[in-house]
$ cat protein37.cif   # mmCIF, C-alpha atoms
data_final
loop_
_atom_site.label_atom_id
_atom_site.label_comp_id
_atom_site.auth_asym_id
_atom_site.auth_seq_id
_atom_site.Cartn_x
_atom_site.Cartn_y
_atom_site.Cartn_z
CA MET Z 1 10.94 -1.64 -10.55
CA ARG Z 2 8.59 -3.68 -12.64
CA LEU Z 3 8.13 -3.64 -16.40
CA GLU Z 4 4.40 -3.54 -17.04
CA PHE Z 5 2.57 -4.13 -20.31
CA CYS Z 6 0.54 -1.51 -22.12
CA TRP Z 7 -3.17 -2.31 -21.90
CA PHE Z 8 -3.75 -1.25 -25.49
CA CYS Z 9 -0.79 -2.37 -27.55
CA SER Z 10 0.84 -4.87 -25.11
CA SER Z 11 4.28 -3.38 -25.42
CA LYS Z 12 6.64 -3.11 -22.42
CA ILE Z 13 6.39 0.10 -20.40
CA TYR Z 14 9.80 1.20 -19.12
CA PRO Z 15 10.18 3.44 -16.05
CA GLY Z 16 9.48 7.06 -16.81
CA HIS Z 17 7.12 6.35 -19.68
CA GLY Z 18 3.39 6.38 -20.12
CA ILE Z 19 0.28 7.01 -18.07
CA GLN Z 20 -1.66 4.88 -15.57
CA PHE Z 21 -5.41 5.30 -15.36
CA VAL Z 22 -7.33 3.93 -12.35
CA ARG Z 23 -11.02 3.45 -12.98
CA ASN Z 24 -13.66 3.73 -10.27
CA ASP Z 25 -13.93 -0.05 -10.00
CA ALA Z 26 -10.22 -0.16 -9.04
CA LYS Z 27 -9.09 -1.59 -12.37
CA ILE Z 28 -5.73 -0.18 -13.45
CA PHE Z 29 -5.03 0.63 -17.12
CA ARG Z 30 -1.42 1.28 -18.10
CA PHE Z 31 -0.48 2.91 -21.37
CA CYS Z 32 2.94 3.11 -22.94
CA ARG Z 33 2.41 6.39 -24.79
CA SER Z 34 -0.25 8.95 -25.58
CA LYS Z 35 -1.14 7.15 -28.80
CA CYS Z 36 -2.49 4.19 -26.82
CA HIS Z 37 -4.02 6.45 -24.17
CA LYS Z 38 -5.90 8.49 -26.78
CA ASN Z 39 -7.14 5.38 -28.55
CA PHE Z 40 -8.44 4.14 -25.20
CA LYS Z 41 -10.24 7.42 -24.55
CA MET Z 42 -11.87 7.07 -27.97
CA LYS Z 43 -13.20 3.73 -26.68
CA ARG Z 44 -11.49 1.75 -29.42
CA ASN Z 45 -11.27 -1.98 -28.97
CA PRO Z 46 -7.61 -3.08 -29.24
CA ARG Z 47 -8.78 -6.37 -30.73
CA LYS Z 48 -9.95 -4.43 -33.78
CA VAL Z 49 -6.97 -2.12 -34.17
CA LYS Z 50 -4.54 -3.68 -36.60
CA TRP Z 51 -1.18 -2.73 -35.13
CA THR Z 52 -1.82 -4.04 -31.60
CA LYS Z 53 -0.62 -7.37 -30.24
CA ALA Z 54 -4.20 -8.19 -29.21
CA TYR Z 55 -5.35 -8.03 -32.84
CA ARG Z 56 -2.38 -9.99 -34.10
CA ARG Z 57 -2.86 -12.76 -31.58
CA LEU Z 58 -6.61 -12.92 -32.15
CA HIS Z 59 -6.23 -13.18 -35.93
CA GLY Z 60 -3.46 -15.75 -35.83
CA LYS Z 61 -0.75 -13.42 -37.10
CA ASP Z 62 1.40 -14.03 -34.02
CA MET Z 63 2.09 -17.15 -31.97
CA THR Z 64 -0.51 -17.69 -29.23
CA LYS Z 65 -0.20 -21.17 -27.72
CA ASP Z 66 3.27 -22.14 -26.57
CA SER Z 67 4.81 -23.62 -23.46
CA THR Z 68 7.35 -20.77 -23.27
CA PHE Z 69 4.57 -18.42 -22.17
CA GLU Z 70 4.26 -20.38 -18.91
CA LEU Z 71 7.37 -18.68 -17.55
CA GLU Z 72 5.78 -15.24 -17.49
CA ARG Z 73 2.49 -16.29 -15.88
CA LYS Z 74 1.39 -14.27 -12.82
CA ARG Z 75 1.97 -16.29 -9.66
CA ASN Z 76 0.01 -15.54 -6.48
CA ARG Z 77 1.73 -17.96 -4.14
CA PRO Z 78 5.39 -17.08 -3.71
CA GLU Z 79 8.16 -19.52 -2.87
CA ARG Z 80 10.85 -19.06 -0.30
CA TYR Z 81 14.01 -17.46 -1.66
CA ASP Z 82 16.56 -20.07 -2.61
CA ARG Z 83 19.87 -19.06 -4.10
CA ASN Z 84 20.24 -22.06 -6.39
CA VAL Z 85 16.71 -21.75 -7.70
CA MET Z 86 17.35 -18.06 -8.39
CA GLU Z 87 20.56 -18.85 -10.28
CA ASN Z 88 18.85 -21.51 -12.39
CA THR Z 89 15.91 -19.22 -13.07
CA LEU Z 90 18.18 -16.47 -14.36
CA LYS Z 91 19.89 -18.88 -16.75
CA ALA Z 92 16.54 -20.30 -17.80
CA ILE Z 93 15.09 -16.88 -18.55
CA LYS Z 94 17.74 -16.21 -21.16
CA LYS Z 95 17.29 -19.57 -22.82
CA ILE Z 96 13.52 -19.48 -22.79
CA ASP Z 97 13.49 -15.97 -24.21
CA LYS Z 98 15.66 -17.07 -27.13
CA ILE Z 99 13.47 -20.13 -27.76
CA ARG Z 100 10.31 -18.05 -27.68
CA HIS Z 101 11.83 -15.54 -30.10
CA ASP Z 102 12.85 -18.29 -32.52
CA ARG Z 103 9.47 -19.98 -32.34
CA ALA Z 104 7.66 -16.71 -32.97
CA ALA Z 105 9.86 -16.06 -36.01
CA ASP Z 106 9.14 -19.60 -37.23
CA HIS Z 107 5.43 -19.02 -36.87
CA ILE Z 108 5.62 -15.96 -39.11
CA ALA Z 109 7.89 -17.75 -41.63
CA GLN Z 110 5.31 -20.56 -41.79
CA ARG Z 111 2.64 -18.03 -42.59
CA TRP Z 112 4.70 -16.68 -45.49
CA LYS Z 113 5.71 -20.10 -46.89
CA PRO Z 114 2.74 -20.84 -49.20
CA LYS Z 115 3.25 -17.43 -50.77
CA ALA Z 116 6.46 -18.41 -52.65
CA ALA Z 117 4.88 -21.48 -54.28
CA LYS Z 118 1.77 -19.49 -55.19
CA GLU Z 119 3.88 -16.73 -56.74
CA ARG Z 120 5.80 -19.25 -58.83
CA ARG Z 121 2.59 -20.87 -60.09
CA GLU Z 122 1.12 -17.53 -61.04
CA ALA Z 123 4.32 -16.46 -62.76
CA ARG Z 124 4.39 -19.64 -64.85
CA LYS Z 125 0.79 -19.13 -65.94
CA GLU Z 126 1.43 -15.54 -66.85
CA LEU Z 127 4.47 -16.57 -68.88
CA GLU Z 128 2.35 -19.05 -70.80
CA GLN Z 129 -0.47 -16.65 -71.49
CA SER Z 130 0.93 -13.18 -71.85
CA ILE Z 131 4.42 -13.64 -73.35
CA SER Z 132 2.99 -12.03 -76.52
CA LEU Z 133 2.98 -8.70 -74.69
CA ILE Z 134 6.76 -8.72 -74.71
CA LYS Z 135 7.82 -10.51 -77.89
CA ALA Z 136 5.96 -11.40 -81.05
CA PRO Z 137 5.28 -15.12 -81.30
CA LEU Z 138 6.99 -15.46 -84.72
CA ALA Z 139 10.15 -13.85 -83.30
CA ILE Z 140 10.20 -16.30 -80.43
CA GLN Z 141 9.74 -19.26 -82.76
CA SER Z 142 12.70 -18.29 -84.96
CA GLN Z 143 15.03 -17.25 -82.21
CA GLU Z 144 14.83 -19.45 -79.09
CA PRO Z 145 13.32 -22.89 -79.19
CA ALA Z 146 14.17 -23.06 -75.46
CA ILE Z 147 11.16 -21.03 -74.51
CA THR Z 148 8.38 -23.56 -74.77
CA VAL Z 149 5.62 -21.45 -76.11
CA PRO Z 150 2.66 -23.19 -77.73
CA LYS Z 151 2.16 -22.22 -81.36
CA ILE Z 152 -0.54 -19.68 -81.59
CA LYS Z 153 -2.87 -20.22 -84.56
CA VAL Z 154 -3.78 -16.99 -86.25
CA LYS Z 155 -6.55 -16.99 -88.81
CA ALA Z 156 -5.08 -15.52 -91.99
CA PRO Z 157 -7.37 -12.96 -93.74
CA LYS Z 158 -8.72 -14.06 -97.15
CA GLN Z 159 -6.34 -12.80 -99.90
CA GLN Z 160 -8.17 -10.68 -102.45
CA THR Z 161 -6.98 -11.92 -105.90
CA VAL Z 162 -6.32 -9.56 -108.81
CA GLU Z 163 -9.32 -11.01 -110.69
CA ASP Z 164 -11.64 -10.17 -107.82
CA GLN Z 165 -10.40 -6.63 -107.72
CA LEU Z 166 -11.00 -6.28 -111.52
CA MET Z 167 -14.44 -7.80 -111.02
CA GLU Z 168 -15.35 -5.19 -108.41
CA GLU Z 169 -14.55 -2.37 -110.77
CA MET X 1 -2.03 -10.41 29.07
CA ALA X 2 -3.30 -7.24 27.51
CA THR X 3 -0.81 -4.51 26.69
CA ARG X 4 -1.63 -0.91 25.95
CA LEU X 5 0.37 0.90 23.28
CA GLN X 6 0.30 3.51 20.55
CA PHE X 7 1.51 3.72 16.97
CA GLU X 8 3.03 7.19 16.49
CA ASN X 9 0.51 8.74 18.88
CA ASN X 10 -2.41 6.86 17.32
CA CYS X 11 -4.43 4.39 19.38
CA GLU X 12 -5.69 2.26 16.49
CA VAL X 13 -3.16 -0.51 16.86
CA GLY X 14 -5.28 -3.03 14.94
CA VAL X 15 -4.70 -0.94 11.83
CA PHE X 16 -0.93 -1.06 12.00
CA SER X 17 -0.38 -4.63 13.12
CA LYS X 18 -1.70 -8.14 12.53
CA LEU X 19 -1.41 -10.74 15.28
CA THR X 20 -2.06 -14.45 14.91
CA ASN X 21 -1.02 -17.57 16.75
CA ALA X 22 1.87 -18.27 14.37
CA TYR X 23 3.27 -14.85 13.45
CA CYS X 24 2.90 -11.14 13.95
CA LEU X 25 3.09 -8.45 11.26
CA VAL X 26 4.03 -4.92 12.28
CA ALA X 27 4.04 -1.72 10.23
CA ILE X 28 7.24 0.22 9.63
CA GLY X 29 6.94 3.20 11.95
CA GLY X 30 8.99 6.34 12.33
CA SER X 31 10.39 5.17 15.68
CA GLU X 32 11.11 1.61 16.77
CA SER X 33 8.97 1.79 19.93
CA PHE X 34 5.91 0.12 18.36
CA TYR X 35 7.92 -2.78 17.03
CA SER X 36 9.96 -3.15 20.22
CA ILE X 37 6.86 -3.62 22.39
CA TYR X 38 5.72 -6.50 20.19
CA GLU X 39 9.21 -7.87 20.11
CA SER X 40 9.58 -7.85 23.89
CA GLU X 41 6.28 -9.72 24.30
CA LEU X 42 6.48 -12.17 21.42
CA ALA X 43 10.00 -12.50 20.05
CA ASP X 44 10.84 -15.88 21.58
CA VAL X 45 7.46 -17.40 20.77
CA ILE X 46 6.53 -16.33 17.26
CA PRO X 47 8.29 -14.36 14.48
CA VAL X 48 7.55 -10.63 14.49
CA VAL X 49 7.88 -9.29 10.94
CA LYS X 50 8.12 -5.66 9.89
CA THR X 51 6.41 -5.16 6.56
CA SER X 52 4.38 -2.90 4.33
CA ILE X 53 1.54 -3.86 2.00
CA ALA X 54 1.12 -2.03 -1.29
CA GLY X 55 3.62 0.47 0.10
CA THR X 56 1.23 1.42 2.91
CA ARG X 57 1.44 1.03 6.69
CA ILE X 58 -2.20 0.03 7.23
CA ILE X 59 -1.29 -3.64 7.08
CA GLY X 60 -3.73 -4.79 9.75
CA ARG X 61 -6.70 -3.77 7.63
CA THR X 62 -5.40 -4.91 4.26
CA CYS X 63 -4.46 -8.47 5.07
CA ALA X 64 -6.25 -11.33 6.79
CA GLY X 65 -4.73 -14.42 8.32
CA ASN X 66 -4.53 -17.11 10.93
CA LYS X 67 -1.94 -19.68 11.87
CA ASN X 68 -2.50 -21.60 8.63
CA GLY X 69 -2.12 -18.82 6.12
CA LEU X 70 -2.05 -15.17 5.18
CA LEU X 71 -4.14 -13.49 2.50
CA VAL X 72 -2.89 -10.26 0.95
CA PRO X 73 -4.55 -8.00 -1.62
CA HIS X 74 -3.55 -7.85 -5.28
CA THR X 75 -1.93 -4.44 -4.72
CA THR X 76 0.84 -6.10 -2.71
CA THR X 77 4.08 -5.73 -4.62
CA ARG X 78 6.21 -8.67 -5.67
CA VAL X 79 8.97 -7.55 -3.30
CA GLU X 80 6.65 -7.37 -0.29
CA LEU X 81 5.18 -10.75 -1.15
CA GLN X 82 8.63 -12.28 -1.32
CA HIS X 83 9.64 -10.63 1.97
CA LEU X 84 6.56 -12.08 3.68
CA ARG X 85 7.25 -15.53 2.26
CA ASN X 86 10.86 -15.43 3.40
CA SER X 87 10.11 -14.19 6.93
CA LEU X 88 7.11 -16.33 7.79
CA PRO X 89 7.43 -20.01 8.76
CA ASP X 90 6.83 -22.59 6.05
CA SER X 91 3.61 -23.82 7.66
CA VAL X 92 2.01 -20.47 6.80
CA VAL X 93 0.77 -20.21 3.21
CA VAL X 94 1.08 -16.71 1.75
CA GLN X 95 -1.47 -16.05 -0.99
CA ARG X 96 -2.21 -12.96 -3.02
CA ILE X 97 -5.89 -12.56 -3.92
CA ASP X 98 -7.35 -10.87 -7.01
CA GLU X 99 -10.38 -9.26 -5.49
CA ARG X 100 -12.00 -5.91 -6.07
CA LEU X 101 -12.54 -5.46 -2.32
CA ASN X 102 -8.93 -4.84 -1.37
CA ALA X 103 -9.00 -4.28 2.36
CA LEU X 104 -9.17 -7.93 3.36
CA GLY X 105 -8.69 -7.10 7.04
CA ASN X 106 -11.95 -5.15 6.97
CA HIS X 107 -13.85 -7.82 5.07
CA ILE X 108 -12.67 -11.00 6.79
CA ALA X 109 -12.67 -11.80 10.52
CA CYS X 110 -11.11 -15.16 11.25
CA ASN X 111 -9.66 -17.45 13.84
CA ASP X 112 -8.13 -20.86 13.26
CA HIS X 113 -11.44 -22.66 12.70
CA VAL X 114 -14.03 -20.31 11.28
CA ALA X 115 -14.13 -17.07 9.33
CA LEU X 116 -16.76 -14.39 8.91
CA ALA X 117 -16.76 -12.82 5.47
CA HIS X 118 -18.21 -9.74 3.78
CA THR X 119 -21.40 -10.59 1.92
CA ASP X 120 -20.13 -9.25 -1.41
CA LEU X 121 -16.92 -11.24 -1.68
CA ASP X 122 -16.33 -13.24 -4.89
CA ARG X 123 -16.92 -16.96 -4.94
CA GLU X 124 -13.30 -17.65 -5.86
CA THR X 125 -12.16 -15.52 -2.92
CA GLU X 126 -14.40 -17.47 -0.58
CA GLU X 127 -12.94 -20.72 -1.86
CA LEU X 128 -9.43 -19.38 -1.47
CA ILE X 129 -10.15 -18.33 2.11
CA ALA X 130 -11.45 -21.80 2.92
CA ASP X 131 -8.46 -23.37 1.18
CA VAL X 132 -5.57 -21.19 2.40
CA LEU X 133 -6.77 -20.47 5.95
CA GLY X 134 -8.32 -23.89 6.46
CA VAL X 135 -11.54 -22.44 7.85
CA GLU X 136 -15.25 -22.63 7.35
CA VAL X 137 -16.47 -19.38 5.76
CA LEU X 138 -19.70 -17.69 6.84
CA ARG X 139 -21.09 -14.66 5.05
CA THR X 140 -22.74 -12.50 7.72
CA THR X 141 -23.29 -8.97 8.86
CA ILE X 142 -22.68 -7.63 12.35
CA ALA X 143 -25.19 -5.14 13.74
CA GLY X 144 -26.19 -4.41 10.15
CA ASN X 145 -22.59 -3.61 9.13
CA ILE X 146 -21.12 -5.56 6.21
CA LEU X 147 -17.52 -4.83 7.24
CA VAL X 148 -17.27 -7.80 9.55
CA GLY X 149 -13.49 -7.58 9.78
CA THR X 150 -13.59 -4.17 11.46
CA TYR X 151 -16.47 -4.69 13.85
CA CYS X 152 -15.46 -8.07 15.18
CA ALA X 153 -12.25 -9.26 16.85
CA LEU X 154 -11.99 -13.03 16.94
CA SER X 155 -9.67 -15.50 18.58
CA ASN X 156 -9.91 -19.23 19.25
CA ARG X 157 -11.15 -18.66 22.77
CA GLY X 158 -13.55 -15.74 22.45
CA GLY X 159 -14.74 -12.83 20.43
CA MET X 160 -15.82 -9.23 20.77
CA VAL X 161 -18.29 -7.49 18.47
CA HIS X 162 -19.78 -4.08 17.81
CA PRO X 163 -21.49 -2.66 20.92
CA HIS X 164 -24.86 -2.19 19.18
CA THR X 165 -25.27 -5.86 18.26
CA PHE X 166 -28.63 -7.34 19.29
CA ILE X 167 -28.62 -10.11 21.85
CA GLU X 168 -30.31 -12.57 19.50
CA GLU X 169 -27.65 -11.90 16.85
CA LEU X 170 -24.96 -12.30 19.48
CA ASP X 171 -26.32 -15.70 20.52
CA GLU X 172 -26.69 -16.82 16.92
CA LEU X 173 -23.13 -15.82 16.05
CA SER X 174 -21.85 -17.41 19.23
CA THR X 175 -23.38 -20.77 18.31
CA LEU X 176 -22.09 -20.49 14.72
CA LEU X 177 -18.56 -19.62 15.81
CA GLN X 178 -18.53 -21.91 18.86
CA VAL X 179 -16.87 -19.24 21.01
CA PRO X 180 -18.23 -16.94 23.71
CA LEU X 181 -18.97 -13.49 22.29
CA VAL X 182 -19.44 -10.17 24.00
CA ALA X 183 -20.51 -6.80 22.63
CA GLY X 184 -18.01 -4.26 23.85
CA THR X 185 -15.91 -1.25 22.96
CA VAL X 186 -12.24 -0.43 22.85
CA ASN X 187 -10.21 2.79 23.02
CA ARG X 188 -12.65 4.74 25.16
CA GLY X 189 -15.87 3.79 23.43
CA SER X 190 -14.74 3.26 19.84
CA ASP X 191 -16.92 0.69 18.08
CA LEU X 192 -14.23 -0.23 15.57
CA ILE X 193 -13.17 -3.20 17.61
CA ALA X 194 -10.68 -4.92 15.34
CA ALA X 195 -9.10 -1.60 14.35
CA GLY X 196 -8.49 -0.69 17.99
CA MET X 197 -6.86 -3.91 19.11
CA THR X 198 -5.12 -7.07 17.95
CA ILE X 199 -5.79 -10.37 19.60
CA ASN X 200 -4.11 -13.73 19.96
CA ASP X 201 -4.79 -16.84 22.00
CA TRP X 202 -2.58 -15.63 24.82
CA THR X 203 -1.98 -11.85 24.32
CA ALA X 204 -3.84 -8.76 23.34
CA PHE X 205 -2.58 -5.35 22.29
CA CYS X 206 -4.94 -2.39 22.71
CA GLY X 207 -4.73 1.33 22.12
CA SER X 208 -3.52 3.32 25.09
CA ASP X 209 -6.91 5.05 25.32
CA THR X 210 -8.56 1.79 26.38
CA THR X 211 -10.06 2.16 29.84
CA ALA X 212 -9.48 -0.31 32.64
CA THR X 213 -13.09 -1.51 32.38
CA GLU X 214 -12.75 -2.25 28.66
CA LEU X 215 -9.46 -3.98 29.33
CA SER X 216 -10.96 -6.22 31.99
CA VAL X 217 -13.84 -7.13 29.64
CA ILE X 218 -11.32 -8.04 26.96
CA GLU X 219 -9.23 -10.12 29.32
CA ASN X 220 -12.33 -11.96 30.53
CA VAL X 221 -13.88 -12.81 27.16
CA PHE X 222 -10.61 -13.81 25.51
CA LYS X 223 -9.48 -15.66 28.65
CA LEU X 224 -6.14 -13.88 28.79
CA ARG X 225 -5.64 -13.61 32.50
CA GLU X 226 -4.12 -16.94 33.16
CA ALA X 227 -3.03 -17.58 29.57
CA GLN X 228 0.71 -17.62 29.08
CA PRO X 229 2.03 -19.83 26.24
CA SER X 230 3.27 -22.30 28.82
CA ALA X 231 -0.14 -22.22 30.53
CA ILE X 232 -1.82 -23.42 27.33
CA VAL X 233 0.56 -26.37 27.11
CA ASP X 234 0.00 -27.26 30.79
CA GLU X 235 -3.76 -27.17 30.32
CA MET X 236 -3.51 -29.45 27.32
CA ARG X 237 -1.27 -31.83 29.25
CA LYS X 238 -3.86 -32.05 32.01
CA SER X 239 -6.57 -32.95 29.52
CA LEU X 240 -4.43 -35.41 27.55
CA ILE X 241 -2.83 -37.39 30.36
CA ASP X 242 -5.39 -39.52 32.12
CA CYS X 243 -3.34 -40.61 35.09
CA TYR X 244 0.23 -40.94 36.13
CA VAL X 245 1.28 -44.51 36.56
#

$ encode --input "protein37.cif" --output "structure tokens"
Amino acid sequence: MRLEFCWFCSSKIYPGHGIQFVRNDAKIFRFCRSKCHKNFKMKRNPRKVKWTKAYRRLHGKDMTKDSTFELERKRNRPERYDRNVMENTLKAIKKIDKIRHDRAADHIAQRWKPKAAKERREARKELEQSISLIKAPLAIQSQEPAITVPKIKVKAPKQQTVEDQLMEE
Amino acid sequence: MATRLQFENNCEVGVFSKLTNAYCLVAIGGSESFYSIYESELADVIPVVKTSIAGTRIIGRTCAGNKNGLLVPHTTTRVELQHLRNSLPDSVVVQRIDERLNALGNHIACNDHVALAHTDLDRETEELIADVLGVEVLRTTIAGNILVGTYCALSNRGGMVHPHTFIEELDELSTLLQVPLVAGTVNRGSDLIAAGMTINDWTAFCGSDTTATELSVIENVFKLREAQPSAIVDEMRKSLIDCYV
């Protein structure tokens, strides 16, 4: 039994799932489900379809270069079976899988990091500029000196005096 | 010594077995008779390994090898590859090749020094052949056929090719390969030479349909008559030791 990878979305294909297509040039395409198979028949390029691993790796959304990928490379020259080597390999697989998982999660966390600082900066600016949408500036001034809001200068309209009004009549 | 046998009533023994100077691969048959004939001839000299390639029994035509290495197609499963690696001696390098032309036994005819290859093989495959088998690779055709592995049976001491090969081509190939060549048939006139027989430096296995004439031609060109494994060693001793003090 061998767990293959879907040609379109790169997910693992478990036994009993999916379809294999063999082209006339003897290239084998394996698909995990009909979604991937139908996308292939529509001649869609997986590198342009957002939810596939191929797209994510190409656009830097997922980790691409790491030494942990060396474990799952295809090897064409086998080595003689050795019990100790097999035992060590089994232990190593578990460890390396965990490391790869953690590193992939780190990669995504790194991508999200600048977002928090940016959000805070934007929030501060918005607080400075648009606080008047929530509370009137005079109310803020009298109530809480803690909120450092710059005093907004409002041009007062010219007061019409009684004499002017009598003049107009 | 040439032996006549059948694989499940089929005379194409070169399809179901692969014989070299260092090992012998045999297909998994319904009855043990095929394997037991090889075993009785070869068991104490070289390892005889029962195997399948890509789940099929046509192992003689899908793999190519000599005493230095064995090349298998990319359709070989991981399990079969591991089985081959475990059963063959360490001096033999087992290598899986990524090549569109899968039936390596039909595309490559080789002995321990030189190999004939199909004209359309990839460059990387050619390099791998030269590297793994330790041979010089020549891209040729035989009697206009590109499947050199089927129409030519090669050993270190001689070779047999397709019966319709021209004499000039025969001479040219003979000088390139440095072995005597003859154009002959096997299995009562079949021109698929390598499919009808497997050859070694000291034994040959042919289909049971092979006539006595064909068998004598084979024994002559491959110099099998006096060749027992011990005979080879004695001959070498004679050439190496100058004089007895």

$ resolve_selection --input "protein37.cif" --expression "the PyMOL selection byres ((chain X and resi 174-188) around 10)" --output "ChimeraX atom specification"
/X:4,11-13,110-111,113-116,136,138,151-173,189-197,206-215,217-218,220-222

$ resolve_selection --input "protein37.cif" --expression "the PyMOL selection byres ((chain Z) within 9 of (chain X))" --output "PDB file with C-alpha atoms, in the frame of the given file"
ATOM      1  CA  ARG Z   2       8.590  -3.680 -12.640  1.00  0.00           C
ATOM      2  CA  ASP Z  25     -13.930  -0.050 -10.000  1.00  0.00           C
ATOM      3  CA  ALA Z  26     -10.220  -0.160  -9.040  1.00  0.00           C
ATOM      4  CA  LYS Z  27      -9.090  -1.590 -12.370  1.00  0.00           C
ATOM      5  CA  ARG Z  75       1.970 -16.290  -9.660  1.00  0.00           C
ATOM      6  CA  ASN Z  76       0.010 -15.540  -6.480  1.00  0.00           C
ATOM      7  CA  ARG Z  77       1.730 -17.960  -4.140  1.00  0.00           C
ATOM      8  CA  PRO Z  78       5.390 -17.080  -3.710  1.00  0.00           C
ATOM      9  CA  GLU Z  79       8.160 -19.520  -2.870  1.00  0.00           C
ATOM     10  CA  ARG Z  80      10.850 -19.060  -0.300  1.00  0.00           C
ATOM     11  CA  TYR Z  81      14.010 -17.460  -1.660  1.00  0.00           C
TER      12      TYR Z  81
END

$ atom_distance --input "protein37.cif" --atom1 "CA of Ala109 (chain Z)" --atom2 "CA of Leu58 (chain Z)"
18.0 Å

$ closest_residue --input "protein37.cif" --among "X:Gly105, X:Gly65, X:Gly144, X:Pro47" --to "Gly14 (chain X)" --atoms "all atoms listed in the file"
X:Gly105

$ atom_distance --input "protein37.cif" --atom1 "CA of Asp102 (chain Z)" --atom2 "CA of Leu90 (chain Z)"
19.0 Å

$ atom_distance --input "protein37.cif" --atom1 "CA of Glu72 (chain Z)" --atom2 "CA of Ile93 (chain Z)"
9.5 Å

$ residues_near_point --input "protein37.cif" --point "(-1.3, 6.4, -32.1)" --cutoff "12 Å" --atoms "all atoms listed in the file" --output "CSV table (one decimal) with C-alpha atoms, in the frame of the given file"
chain,number,residue,atom,x,y,z
Z,8,PHE,CA,-3.8,-1.2,-25.5
Z,9,CYS,CA,-0.8,-2.4,-27.6
Z,31,PHE,CA,-0.5,2.9,-21.4
Z,32,CYS,CA,2.9,3.1,-22.9
Z,33,ARG,CA,2.4,6.4,-24.8
Z,34,SER,CA,-0.2,9.0,-25.6
Z,35,LYS,CA,-1.1,7.2,-28.8
Z,36,CYS,CA,-2.5,4.2,-26.8
Z,37,HIS,CA,-4.0,6.4,-24.2
Z,38,LYS,CA,-5.9,8.5,-26.8
Z,39,ASN,CA,-7.1,5.4,-28.6
Z,40,PHE,CA,-8.4,4.1,-25.2
Z,41,LYS,CA,-10.2,7.4,-24.6
Z,42,MET,CA,-11.9,7.1,-28.0
Z,44,ARG,CA,-11.5,1.8,-29.4
Z,46,PRO,CA,-7.6,-3.1,-29.2
Z,49,VAL,CA,-7.0,-2.1,-34.2
Z,50,LYS,CA,-4.5,-3.7,-36.6
Z,51,TRP,CA,-1.2,-2.7,-35.1
Z,52,THR,CA,-1.8,-4.0,-31.6

$ axis_aligned_box --input "protein37.cif" --around "region 174-181 of chain X" --padding-each-side "4 Å" --output "lines of an AutoDock Vina configuration file"
center_x = -20.1
center_y = -17.7
center_z = 19.2
size_x = 14.5
size_y = 16.4
size_z = 17.0

$ resolve_selection --input "protein37.cif" --expression "the PyMOL selection byres ((chain X and resi 224) around 9)" --output "list in words"
Met1, Ala2, Asp201, Trp202, Thr203, Ala204, Ile218, Glu219, Asn220, Val221, Phe222, Lys223, Arg225, Glu226, Ala227 and Gln228 of chain X

$ closest_residue --input "protein37.cif" --among "X:Phe16, X:Phe205, X:Tyr23, X:Phe7" --to "Ser91 (chain X)" --atoms "only C-alpha atoms"
X:Tyr23

$ residues_near_point --input "protein37.cif" --point "(5.8, -22.2, -20.9)" --cutoff "12 Å" --atoms "all atoms listed in the file" --output "ChimeraX atom specification"
/Z:64-73,92-93,95-97,99-100

$ decode --input "protein37.cif" --residues "region 94-125 of chain X" --atoms "C-alpha atoms" --output "short mmCIF file (atom, residue, chain, number, x, y, z; two decimals), in the first residue's frame"
data_model
loop_
_atom_site.label_atom_id
_atom_site.label_comp_id
_atom_site.auth_asym_id
_atom_site.auth_seq_id
_atom_site.Cartn_x
_atom_site.Cartn_y
_atom_site.Cartn_z
CA VAL X 94 20.06 -1.85 -8.36
CA GLN X 95 18.75 1.33 -9.98
CA ARG X 96 15.26 2.40 -10.91
CA ILE X 97 15.10 4.54 -14.06
CA ASP X 98 12.56 7.25 -14.90
CA GLU X 99 12.18 6.67 -18.58
CA ARG X 100 9.17 6.78 -20.85
CA LEU X 101 10.35 3.63 -22.65
CA ASN X 102 9.62 1.17 -19.88
CA ALA X 103 10.63 -2.18 -21.30
CA LEU X 104 14.34 -1.84 -20.70
CA GLY X 105 15.00 -5.45 -21.67
CA ASN X 106 13.71 -4.68 -25.17
CA HIS X 107 15.65 -1.44 -25.49
CA ILE X 108 19.03 -2.41 -24.04
CA ALA X 109 21.25 -5.36 -24.98
CA CYS X 110 24.34 -5.57 -22.82
CA ASN X 111 27.22 -7.67 -21.67
CA ASP X 112 29.83 -6.73 -19.10
CA HIS X 113 31.74 -4.33 -21.38
CA VAL X 114 29.45 -2.80 -23.95
CA ALA X 115 25.75 -2.10 -24.37
CA LEU X 116 23.56 -1.51 -27.40
CA ALA X 117 20.78 0.95 -26.77
CA HIS X 118 17.54 2.03 -28.44
CA THR X 119 18.05 5.18 -30.48
CA ASP X 120 15.31 7.11 -28.67
CA LEU X 121 16.50 6.67 -25.11
CA ASP X 122 16.93 9.81 -22.96
CA ARG X 123 20.36 11.26 -22.39
CA GLU X 124 20.06 10.80 -18.63
CA THR X 125 19.14 7.14 -19.16
#
